[in-house]
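A.B. asks: Below is the structure I would like to discuss, written out as structure tokens.
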Amino acid sequence: MGVKVSVVMPVRNPGQEADAGFRSVLEQSLPADEYEVIIADGGSVPGVAARLDAMAADRPNVQVLHLPRAGWPMRARNAGLAAAQGEYVYLLDQGDRLAAGAARLMYERARIAEADVLAGRIVRDGSLPPAAFQVDRDRADILRDRLLGQLTPHKLYRREFLDRLGLRFDERGGPLAEEAFVLRAYLSAKVVALLAESICCRVAARTRREQRPASAAAELDALLDIVDDHTPPGRQRDRMYAHWFRTVVLRPFSTGRFLSSSQDRSEMYGAMREITVRRFPARLDPLLPVHLRAVAALLRAGRLDRLIVLAGVTKGVGLRVGLREAHWDEGVLTMRLAGELTQPDGDPMWFRVADDRLYWVPPTDIDPVVLPPALTEVGDAVARARLHVYVRHEENGEMYVVPTTSEIHVWGEGDDVRLVLAAEARLDVSTVAVGHPLVKGMWEVHARLQGGAYHARARVTGGRAGGATGRVGVGTDPGHACAGAVAEHPRRLVVPFWCDGGTLHVCVEPRSYAESIALVSPGAAITRRDGHVFVVMPVPYVPPSGGPPVELVLRNGAREVSAPGLVEPGEPGRLAGQLVAKFPARRLPSAGFLGPGAWEPALRADDRETALRFTLDVAVGGAIAVRQAGEAPPVPLMRRLLAGLPGARRAVRGVRRYRF
């Protein structure tokens with residue numbers, strides 16, 4: 001039938017960390033005679049090169065190309081493309097992993113769509129969910145579907161299409177030459193398709209290679225020529241220009257490299273100012289985030305001094321997003337959030353209202369002749385601002401967008417106001433993974449602000465957000481309990497909880513009943529009555545069977561006390577249950593009693609112990625406090641009093657020094 005897919009992988013001195021990537025391409029579901037693997041080795045040492053040859057020796061569909069060493073993988077990719085025999089070619093890098101069955105799935109989708117280029121869903125460790133992969137598209141648009149955010153080579157290309165165009169990588173180029181290859185493919189293709197429903201490739205962290213600003217500017221020039229060749233003057237071309245103006249030219253002026261190195265700063269300023277004046281007219285500025293409009297204006301005006309000041313005062317601008325309320329709605333975790341931009345010192349960012357228009361307030365003085373007030377007007381941009389929520393698997397880095405609606409609110413009176421985004425996100429763990437259920441494990445909850453004055457992202461936290469808090473649903477404070485619920489399809493327990501850093505997580509399918517309780521154990525509380533201490537802990541979900549018998553164990557050094565836990569069920573998805581354990585207590589240390597000291601708790605169930613996420617601090621006077629994980633232990637009263645006396649610290653150090 002012929003080769004359907006050629007997988008081209010450039011490598012150089014791959015170590016054991018690349019083995020998973022090799023296995024992923026060698027174990028595709030296509031028959032061996034229907035796909036081939038081309039490993040383009042760009043100058044590996046003899047031992048590694050021999051290992052690659054051995055891997056290909058007993059596999060007829062694998063070949064290794066031994067090439068001279070080169071700084072960038074462009075030459076290796078071109079050699080792989082020249083050797084490919086498949087109807088389609090897929091490009092990936094050393095360390096990347098092709099998902100099981102991805103080659104077959106992408107090939108079948110590309111044939112159905114008659115696509116010249118197909119972009120399959122990728123996952124990057126530590127990166128945001130790609131905006132392009134929201135839905136499958138048989139006819140994708142470069143702007144509407146945000147293809148400019150997907151300019152790495154990881155695509156399926158029709159080989160005849162590449163050969164007809166003579167499309168190859170510039171072997172002398174760097175990252176922008178790589179983007180130029182993909183851009184030309186997008187703009188020349190009759191059909192570009194998107195495959196979003198399944199993960200096709202897990203992209204490894206790419207080695208950062210420094211490039212001189214002059215070289216980057218030259219590559220950007222060539223890339224913009226491609227835009228000019230394929231798009232007429234107008235809004236589409238301007239929006240494409242604005243993308244690279246923002247990402248390549250202006251963003252580096254807010255980095256630590258620009259602030260810390262005078263030599264790098266001078267080179268960057270000279271190269272980027274020249275190309276800005278020549279290729280990026282002022283009409284593009286309204287398409288930029290407002291703080292980059294200021295950078296563009298200062299760059300054109302030749303004000304390096306003010307660029308340095310602006311970079312210093314804007315470094316650290318961020319986003320704060322807090323959970324205001326959460327509850328379960330027919331198996332869907334509904335979260336109400338509030339987010340706003342913050343200054344580098346953590347204070348809210350303020351805006352100004354004048355003549356019924358909303359203006360950004362530059363954090364440093366900028367001559368209005370250089371930055372006209374019209375460029376600081378952000379009303380339309382703010383009206384388009386949206387807060388997006390997504391979840392990230394703590395171990396494998398998978399990320400998925402949570403359906404979210406949001407609206408902007410103006411806080412304050414008079415001319416100075418704050419902008420707060422109120423949002424509602426509905427997390428259905430059975431479908432959020434592009435129509436599929438989330439895999440089990442711990443999922444972080446993140447938020448991203450798009451549009452408005454800035455683009456920013458943050459973890460979702462508890463406590464105050466947007467100047468107010470709502471009622472407690474499943475727990476808006478890290479010390480409060482979170483009720484769990486059983487999701488369907490498949491049927492699994494889901495527990496929202498607060499991690500030690502105070503950020504929101506969701507655990508899908510805890511490993512045990514005890515672990516589900518440990519997740520929410522920072523919500524523990526204590527009461528005293530009749531010489532006993534009652535430890536009360538939330539239980540996110542009590543199974544119909546009542547769960548296994550549990551015992552709460554408290555340890556202070558060699559001392560240990562334990563008590564059976566009485567579990568009272570709550571209402572699944574609405575009200576957490578509780579576990580109550582009763583301990584005898586005394587003011588002085590005594591065997592079998594809870595006495596002074598720091599007591600570490602554990603839950604014993606099914607002959608196993610699970611550590612809990614709090615500590616009981618018992619003072620000599622009998623006072624008891626619950627200390628959450630990560631909090632510093634309390635300072636004894638006597639030490640606090642002595643610390644305020646003149647010379648007390650010196651005396652204590654002397655006593656310790658001459659202690660017998």
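Labels used: A, B, ... for chains in the order of the structure tokens, numbers from 1 for residues in each chain, and numbers from 1 for ligands as shown.
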Please report, as JSON lines, each residue of segment 338-415 of chain A lying at most 12 Å from segment 499-505 of chain A, together with the nearest pair of atoms and the separation in Å rounded to one decimal; use only C-alpha atoms, and order rows by chain and ascending residue number.
C.D. replies:
{"residue": "A:Val389", "atom": "CA", "partner": "A:Leu504", "partner_atom": "CA", "distance": 11.9}
{"residue": "A:Tyr390", "atom": "CA", "partner": "A:His505", "partner_atom": "CA", "distance": 11.3}
{"residue": "A:Val391", "atom": "CA", "partner": "A:His505", "partner_atom": "CA", "distance": 8.6}
{"residue": "A:Arg392", "atom": "CA", "partner": "A:His505", "partner_atom": "CA", "distance": 9.3}
{"residue": "A:His393", "atom": "CA", "partner": "A:His505", "partner_atom": "CA", "distance": 9.6}
{"residue": "A:Glu394", "atom": "CA", "partner": "A:His505", "partner_atom": "CA", "distance": 9.3}
A.B. asks: Give me, as number ranges by chain, the residues of segment 362-447 of chain A that a backbone DSSP run labels strand (DSSP E).
C.D. replies: A: 386-393, 399-402, 404-411, 416-427, 441-447
A.B. asks: Go ahead and write the residues just picked, C-alpha atoms, as an mmCIF file, in the first residue's frame.
C.D. replies:
data_model
loop_
_atom_site.group_PDB
_atom_site.id
_atom_site.type_symbol
_atom_site.label_atom_id
_atom_site.label_comp_id
_atom_site.auth_asym_id
_atom_site.auth_seq_id
_atom_site.Cartn_x
_atom_site.Cartn_y
_atom_site.Cartn_z
ATOM 1 C CA ARG A 386 -11.899 37.363 29.608
ATOM 2 C CA LEU A 387 -10.793 35.190 32.495
ATOM 3 C CA HIS A 388 -10.081 31.628 31.378
ATOM 4 C CA VAL A 389 -9.711 28.706 33.767
ATOM 5 C CA TYR A 390 -7.795 25.524 33.105
ATOM 6 C CA VAL A 391 -6.551 22.501 35.029
ATOM 7 C CA ARG A 392 -3.030 21.057 34.943
ATOM 8 C CA HIS A 393 -2.025 17.540 35.999
ATOM 9 C CA MET A 399 -3.673 20.867 30.659
ATOM 10 C CA TYR A 400 -7.299 21.338 29.705
ATOM 11 C CA VAL A 401 -9.478 24.427 29.434
ATOM 12 C CA VAL A 402 -12.500 24.571 31.737
ATOM 13 C CA THR A 404 -15.786 29.624 31.749
ATOM 14 C CA THR A 405 -17.919 32.736 31.455
ATOM 15 C CA SER A 406 -16.727 36.082 32.785
ATOM 16 C CA GLU A 407 -17.648 39.744 32.983
ATOM 17 C CA ILE A 408 -15.822 42.905 33.984
ATOM 18 C CA HIS A 409 -16.790 45.033 36.978
ATOM 19 C CA VAL A 410 -15.580 48.521 37.841
ATOM 20 C CA TRP A 411 -14.812 49.074 41.524
ATOM 21 C CA ASP A 416 -9.623 56.183 40.022
ATOM 22 C CA VAL A 417 -11.066 52.685 39.666
ATOM 23 C CA ARG A 418 -10.064 49.049 39.840
ATOM 24 C CA LEU A 419 -11.142 46.451 37.292
ATOM 25 C CA VAL A 420 -12.318 43.095 38.610
ATOM 26 C CA LEU A 421 -13.179 40.141 36.416
ATOM 27 C CA ALA A 422 -15.912 37.940 37.847
ATOM 28 C CA ALA A 423 -16.026 34.466 36.335
ATOM 29 C CA GLU A 424 -17.864 31.190 36.658
ATOM 30 C CA ALA A 425 -16.069 27.993 35.656
ATOM 31 C CA ARG A 426 -17.789 24.618 35.414
ATOM 32 C CA LEU A 427 -15.435 21.683 35.810
ATOM 33 C CA GLY A 441 -4.315 12.258 40.122
ATOM 34 C CA MET A 442 -3.868 15.801 41.411
ATOM 35 C CA TRP A 443 -4.979 18.644 39.141
ATOM 36 C CA GLU A 444 -3.965 22.263 39.770
ATOM 37 C CA VAL A 445 -6.495 25.005 39.004
ATOM 38 C CA HIS A 446 -5.071 27.968 37.071
ATOM 39 C CA ALA A 447 -6.544 31.108 35.561
#
A.B. asks: Do you have the atom CA of Val313 of chain A-atom CA of Val370 of chain A distance handy?
C.D. replies: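 If I compute the distance from atom CA of Val313 of chain A to atom CA of Val370 of chain A, I get 18.4 Å.
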A.B. asks: Mind checking which residues fall within 10 Å of Pro633 of chain A, counting only C-alpha atoms, ignoring those fewer than 5 positions away in the same chain, and posting them as a PyMOL selection string?
C.D. replies: chain A and resi 598+615-617+627-628
A.B. asks: Output N, CA and C atoms of each residue in that selection to a file, as a PDB file, in the first residue's frame.
C.D. replies:
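Just written: again21.pdb:
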ATOM      1  N   ALA A 598       4.340  19.356  70.380  1.00  0.00           N
ATOM      2  CA  ALA A 598       3.809  19.372  69.019  1.00  0.00           C
ATOM      3  C   ALA A 598       3.472  17.943  68.617  1.00  0.00           C
ATOM      4  N   THR A 615      -0.700  19.987  62.456  1.00  0.00           N
ATOM      5  CA  THR A 615      -0.020  19.645  63.701  1.00  0.00           C
ATOM      6  C   THR A 615      -0.830  20.222  64.852  1.00  0.00           C
ATOM      7  N   LEU A 616      -0.910  19.468  65.966  1.00  0.00           N
ATOM      8  CA  LEU A 616      -1.550  19.982  67.170  1.00  0.00           C
ATOM      9  C   LEU A 616      -0.470  20.512  68.101  1.00  0.00           C
ATOM     10  N   ASP A 617      -0.509  21.802  68.388  1.00  0.00           N
ATOM     11  CA  ASP A 617       0.436  22.417  69.318  1.00  0.00           C
ATOM     12  C   ASP A 617      -0.248  22.575  70.666  1.00  0.00           C
ATOM     13  N   ARG A 627      -2.120  23.803  63.750  1.00  0.00           N
ATOM     14  CA  ARG A 627      -1.169  24.468  62.851  1.00  0.00           C
ATOM     15  C   ARG A 627      -1.148  23.713  61.527  1.00  0.00           C
ATOM     16  N   GLN A 628      -1.445  24.417  60.454  1.00  0.00           N
ATOM     17  CA  GLN A 628      -1.471  23.776  59.140  1.00  0.00           C
ATOM     18  C   GLN A 628      -0.063  23.541  58.627  1.00  0.00           C
TER      19      GLN A 628
END
A.B. asks: Produce a table with one row for each residue of segment 86-119 of chain A that has an atom at most 8 Å from any atom of segment 7-30 of chain A, each row naming the nearest atom pair and its distance in Å at one decimal; use only C-alpha atoms; arrange rows by chain and rising residue number; format as a tab-separated table.
C.D. replies:
residue	atom	partner	partner_atom	distance
A:Val89	CA	A:Val7	CA	5.9
A:Tyr90	CA	A:Val7	CA	4.8
A:Leu91	CA	A:Val8	CA	5.1
A:Leu92	CA	A:Met9	CA	5.4
A:Asp93	CA	A:Met9	CA	5.4
A:Gln94	CA	A:Val11	CA	5.3
A:Gly95	CA	A:Ala18	CA	4.6
A:Asp96	CA	A:Gly21	CA	5.4
A:Arg97	CA	A:Gly21	CA	4.3
A:Leu98	CA	A:Ser24	CA	5.3
A:Ala99	CA	A:Ser24	CA	6.6
A:Ala100	CA	A:Gln28	CA	5.8
A:Gly101	CA	A:Ser29	CA	5.0
A:Ala102	CA	A:Gln28	CA	7.3
A:Ala103	CA	A:Gln28	CA	6.7
A:Arg104	CA	A:Leu30	CA	5.9
A.B. asks: If you run DSSP on this backbone, which residues of segment 332-507 of chain A come out as helix (DSSP H, G or I), and could you give them as a PyMOL selection string?
C.D. replies: chain A and resi 373-376+379-383
A.B. asks: Could those residues be written to a file, using N, CA and C atoms, as a short mmCIF file (atom, residue, chain, number, x, y, z; two decimals), in the first residue's frame?
C.D. replies:
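File written: part-v9.cif
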data_model
loop_
_atom_site.label_atom_id
_atom_site.label_comp_id
_atom_site.auth_asym_id
_atom_site.auth_seq_id
_atom_site.Cartn_x
_atom_site.Cartn_y
_atom_site.Cartn_z
N PRO A 373 -2.64 60.38 24.84
CA PRO A 373 -3.70 59.78 25.68
C PRO A 373 -4.56 58.78 24.93
N ALA A 374 -4.74 58.99 23.64
CA ALA A 374 -5.57 58.05 22.86
C ALA A 374 -5.01 56.64 22.91
N LEU A 375 -3.68 56.51 23.01
CA LEU A 375 -3.07 55.17 23.05
C LEU A 375 -3.22 54.51 24.41
N THR A 376 -3.53 55.29 25.45
CA THR A 376 -3.72 54.70 26.77
C THR A 376 -5.19 54.39 27.04
N GLY A 379 -10.83 51.18 27.05
CA GLY A 379 -12.21 50.76 27.26
C GLY A 379 -12.63 49.59 26.39
N ASP A 380 -12.35 49.68 25.09
CA ASP A 380 -12.75 48.59 24.19
C ASP A 380 -11.99 47.31 24.50
N ALA A 381 -10.70 47.45 24.78
CA ALA A 381 -9.90 46.25 25.08
C ALA A 381 -10.37 45.60 26.37
N VAL A 382 -10.68 46.40 27.38
CA VAL A 382 -11.15 45.85 28.65
C VAL A 382 -12.50 45.16 28.46
N ALA A 383 -13.35 45.72 27.62
CA ALA A 383 -14.65 45.10 27.37
C ALA A 383 -14.49 43.70 26.77
#
A.B. asks: Could you state the separation of atom CA of Ala204 of chain A and atom CA of Val321 of chain A in Å, given to one decimal place?
C.D. replies: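 Separation between atom CA of Ala204 of chain A and atom CA of Val321 of chain A: 28.8 Å.
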A.B. asks: Name all residues at most 9 Å from Leu588 of chain A (count only C-alpha atoms; drop same-chain ones fewer than 3 positions away) and give them as an MDAnalysis selection string.
C.D. replies: chainID A and resid 585 594:596 620:622
A.B. asks: Go ahead and dump the residues you just picked, C-alpha atoms, as a tab-separated table (two decimals), in the first residue's frame.
C.D. replies:
chain	number	residue	atom	x	y	z
A	585	ALA	CA	-5.51	15.42	78.16
A	594	LEU	CA	-2.32	14.37	75.32
A	595	GLY	CA	0.19	16.71	76.97
A	596	PRO	CA	2.43	19.69	76.09
A	620	VAL	CA	2.20	24.02	78.91
A	621	GLY	CA	-0.84	25.89	80.16
A	622	GLY	CA	-3.15	23.57	78.25
A.B. asks: Find the residues around Leu288 of chain A up to 9 Å (only C-alpha atoms counted), leave out those fewer than 6 positions away in its own chain, and share them as a ChimeraX atom specification.
C.D. replies: /A:242-243,245-246,453
A.B. asks: Take the residues that were just selected and, keeping N, CA and C atoms, output them as a tab-separated table (two decimals), in the first residue's frame.
C.D. replies:
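Contents of again14.tsv, freshly written:
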chain	number	residue	atom	x	y	z
A	242	ALA	N	1.35	42.54	14.05
A	242	ALA	CA	1.27	42.86	15.48
A	242	ALA	C	1.68	41.67	16.34
A	243	HIS	N	1.43	40.46	15.87
A	243	HIS	CA	1.83	39.27	16.63
A	243	HIS	C	3.34	39.25	16.84
A	245	PHE	N	5.45	41.76	16.28
A	245	PHE	CA	5.86	43.00	16.93
A	245	PHE	C	5.80	42.82	18.45
A	246	ARG	N	4.73	42.20	18.90
A	246	ARG	CA	4.55	41.97	20.34
A	246	ARG	C	5.54	40.95	20.90
A	453	ALA	N	-5.79	45.34	29.41
A	453	ALA	CA	-4.51	46.04	29.43
A	453	ALA	C	-3.33	45.09	29.40
A.B. asks: For Asp53 of chain A, find every residue with an atom within 12 Å (counting only C-alpha atoms), except residues of its own chain fewer than 3 positions away, and show them as a compact mmCIF listing (two decimals) with N, CA and C atoms, in the first residue's frame.
C.D. replies:
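Dumped to around00.txt:
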# COMPACT_ATOMS: atom_id res chain seq x y z
N ILE A 38 12.56 8.17 10.42
CA ILE A 38 13.85 8.65 9.93
C ILE A 38 14.51 9.43 11.07
N ILE A 39 15.59 8.88 11.60
CA ILE A 39 16.34 9.54 12.67
C ILE A 39 17.52 10.25 12.03
N ALA A 40 17.48 11.56 12.04
CA ALA A 40 18.53 12.37 11.42
C ALA A 40 19.52 12.78 12.50
N ASP A 41 20.64 12.07 12.55
CA ASP A 41 21.64 12.26 13.60
C ASP A 41 22.62 13.36 13.21
N SER A 44 26.32 12.89 16.46
CA SER A 44 26.48 12.24 17.77
C SER A 44 27.86 11.62 17.89
N PRO A 46 30.64 8.66 18.53
CA PRO A 46 30.58 7.32 17.91
C PRO A 46 29.75 6.32 18.69
N GLY A 47 29.86 6.29 20.01
CA GLY A 47 29.11 5.30 20.78
C GLY A 47 27.61 5.48 20.65
N VAL A 48 27.16 6.72 20.69
CA VAL A 48 25.72 6.99 20.56
C VAL A 48 25.26 6.69 19.14
N ALA A 49 26.06 7.07 18.15
CA ALA A 49 25.70 6.78 16.76
C ALA A 49 25.56 5.28 16.53
N ALA A 50 26.46 4.49 17.14
CA ALA A 50 26.37 3.04 16.99
C ALA A 50 25.10 2.49 17.64
N ALA A 56 18.10 0.53 14.63
CA ALA A 56 17.49 0.43 13.30
C ALA A 56 17.80 -0.89 12.60
N ALA A 57 18.79 -1.65 13.11
CA ALA A 57 19.28 -2.82 12.38
C ALA A 57 18.19 -3.86 12.12
N ASP A 58 17.33 -4.11 13.10
CA ASP A 58 16.32 -5.16 12.93
C ASP A 58 14.93 -4.57 12.68
N ARG A 59 14.89 -3.33 12.25
CA ARG A 59 13.60 -2.69 11.96
C ARG A 59 13.66 -2.13 10.54
N PRO A 60 13.05 -2.80 9.58
CA PRO A 60 13.13 -2.34 8.18
C PRO A 60 12.55 -0.95 7.96
N VAL A 62 12.95 1.67 9.86
CA VAL A 62 13.73 2.69 10.57
C VAL A 62 15.05 2.89 9.85
N GLN A 63 15.40 4.14 9.57
CA GLN A 63 16.72 4.42 9.02
C GLN A 63 17.36 5.58 9.78
N VAL A 64 18.69 5.53 9.88
CA VAL A 64 19.45 6.56 10.57
C VAL A 64 20.31 7.27 9.55
N LEU A 65 20.20 8.60 9.52
CA LEU A 65 21.03 9.42 8.65
C LEU A 65 22.12 10.06 9.50
N HIS A 66 23.38 9.80 9.18
CA HIS A 66 24.50 10.38 9.93
C HIS A 66 24.98 11.63 9.20
A.B. asks: If we count only C-alpha atoms, what is near Gly570 of chain A at a cut-off of 9 Å, once residues fewer than 5 positions away on the same chain are taken out, given as a list in words?
C.D. replies: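 Listed by chain and then number, they are Ala483, Val539, Pro540, Tyr541, Val542, Leu575, Ala576, Gly577 and Gln578 of chain A.
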A.B. asks: Would you save the residues of that selection, restricted to N, CA and C atoms, as a PDB file, in the first residue's frame?
C.D. replies:
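For reference, selection_7.pdb as written:
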ATOM      1  N   ALA A 483     -16.157  19.556  50.309  1.00  0.00           N
ATOM      2  CA  ALA A 483     -16.976  18.376  50.111  1.00  0.00           C
ATOM      3  C   ALA A 483     -16.629  17.731  48.781  1.00  0.00           C
ATOM      4  N   VAL A 539     -14.535  15.124  56.451  1.00  0.00           N
ATOM      5  CA  VAL A 539     -14.463  13.928  55.606  1.00  0.00           C
ATOM      6  C   VAL A 539     -15.186  14.270  54.309  1.00  0.00           C
ATOM      7  N   PRO A 540     -14.469  14.352  53.184  1.00  0.00           N
ATOM      8  CA  PRO A 540     -15.110  14.847  51.950  1.00  0.00           C
ATOM      9  C   PRO A 540     -16.217  13.951  51.424  1.00  0.00           C
ATOM     10  N   TYR A 541     -16.089  12.658  51.695  1.00  0.00           N
ATOM     11  CA  TYR A 541     -17.101  11.740  51.166  1.00  0.00           C
ATOM     12  C   TYR A 541     -17.084  10.461  51.994  1.00  0.00           C
ATOM     13  N   VAL A 542     -18.243  10.052  52.456  1.00  0.00           N
ATOM     14  CA  VAL A 542     -18.380   8.798  53.197  1.00  0.00           C
ATOM     15  C   VAL A 542     -19.151   7.824  52.315  1.00  0.00           C
ATOM     16  N   LEU A 575     -22.293  18.840  51.586  1.00  0.00           N
ATOM     17  CA  LEU A 575     -21.849  19.051  52.957  1.00  0.00           C
ATOM     18  C   LEU A 575     -20.863  17.956  53.328  1.00  0.00           C
ATOM     19  N   ALA A 576     -19.672  18.369  53.755  1.00  0.00           N
ATOM     20  CA  ALA A 576     -18.671  17.387  54.158  1.00  0.00           C
ATOM     21  C   ALA A 576     -19.108  16.687  55.438  1.00  0.00           C
ATOM     22  N   GLY A 577     -18.746  15.410  55.539  1.00  0.00           N
ATOM     23  CA  GLY A 577     -18.956  14.703  56.795  1.00  0.00           C
ATOM     24  C   GLY A 577     -17.891  15.111  57.794  1.00  0.00           C
ATOM     25  N   GLN A 578     -17.828  14.405  58.919  1.00  0.00           N
ATOM     26  CA  GLN A 578     -16.789  14.726  59.879  1.00  0.00           C
ATOM     27  C   GLN A 578     -16.368  13.485  60.643  1.00  0.00           C
TER      28      GLN A 578
END
A.B. asks: Pick out the closest residue to Val248 of chain A from this set: A:Thr231, A:Ser260, A:Pro153, A:Ser215. Count only C-alpha atoms.
C.D. replies: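 Ranking A:Thr231, A:Ser260, A:Pro153, A:Ser215 by distance to Val248 of chain A, first place goes to A:Ser215.
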A.B. asks: Which residue is closest to Gly86 of chain A? Choose from A:Leu162, A:Leu105, A:Leu337, A:Ile112 and count only C-alpha atoms.
C.D. replies: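 Between A:Leu162, A:Leu105, A:Leu337, A:Ile112, the residue approaching Gly86 of chain A most closely is A:Leu162.
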A.B. asks: Expressed in Å to a single decimal, how great is the separation between atom CA of Arg265 of chain A and atom CA of Asp305 of chain A?
C.D. replies: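 Distance between the two atoms: 11.1 Å.
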A.B. asks: When you count only C-alpha atoms, which of these residues is closest to Val295 of chain A: A:Gln236, A:Thr364, A:Gln263, A:Thr610?
C.D. replies: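 The closest residue to Val295 of chain A is A:Thr364.
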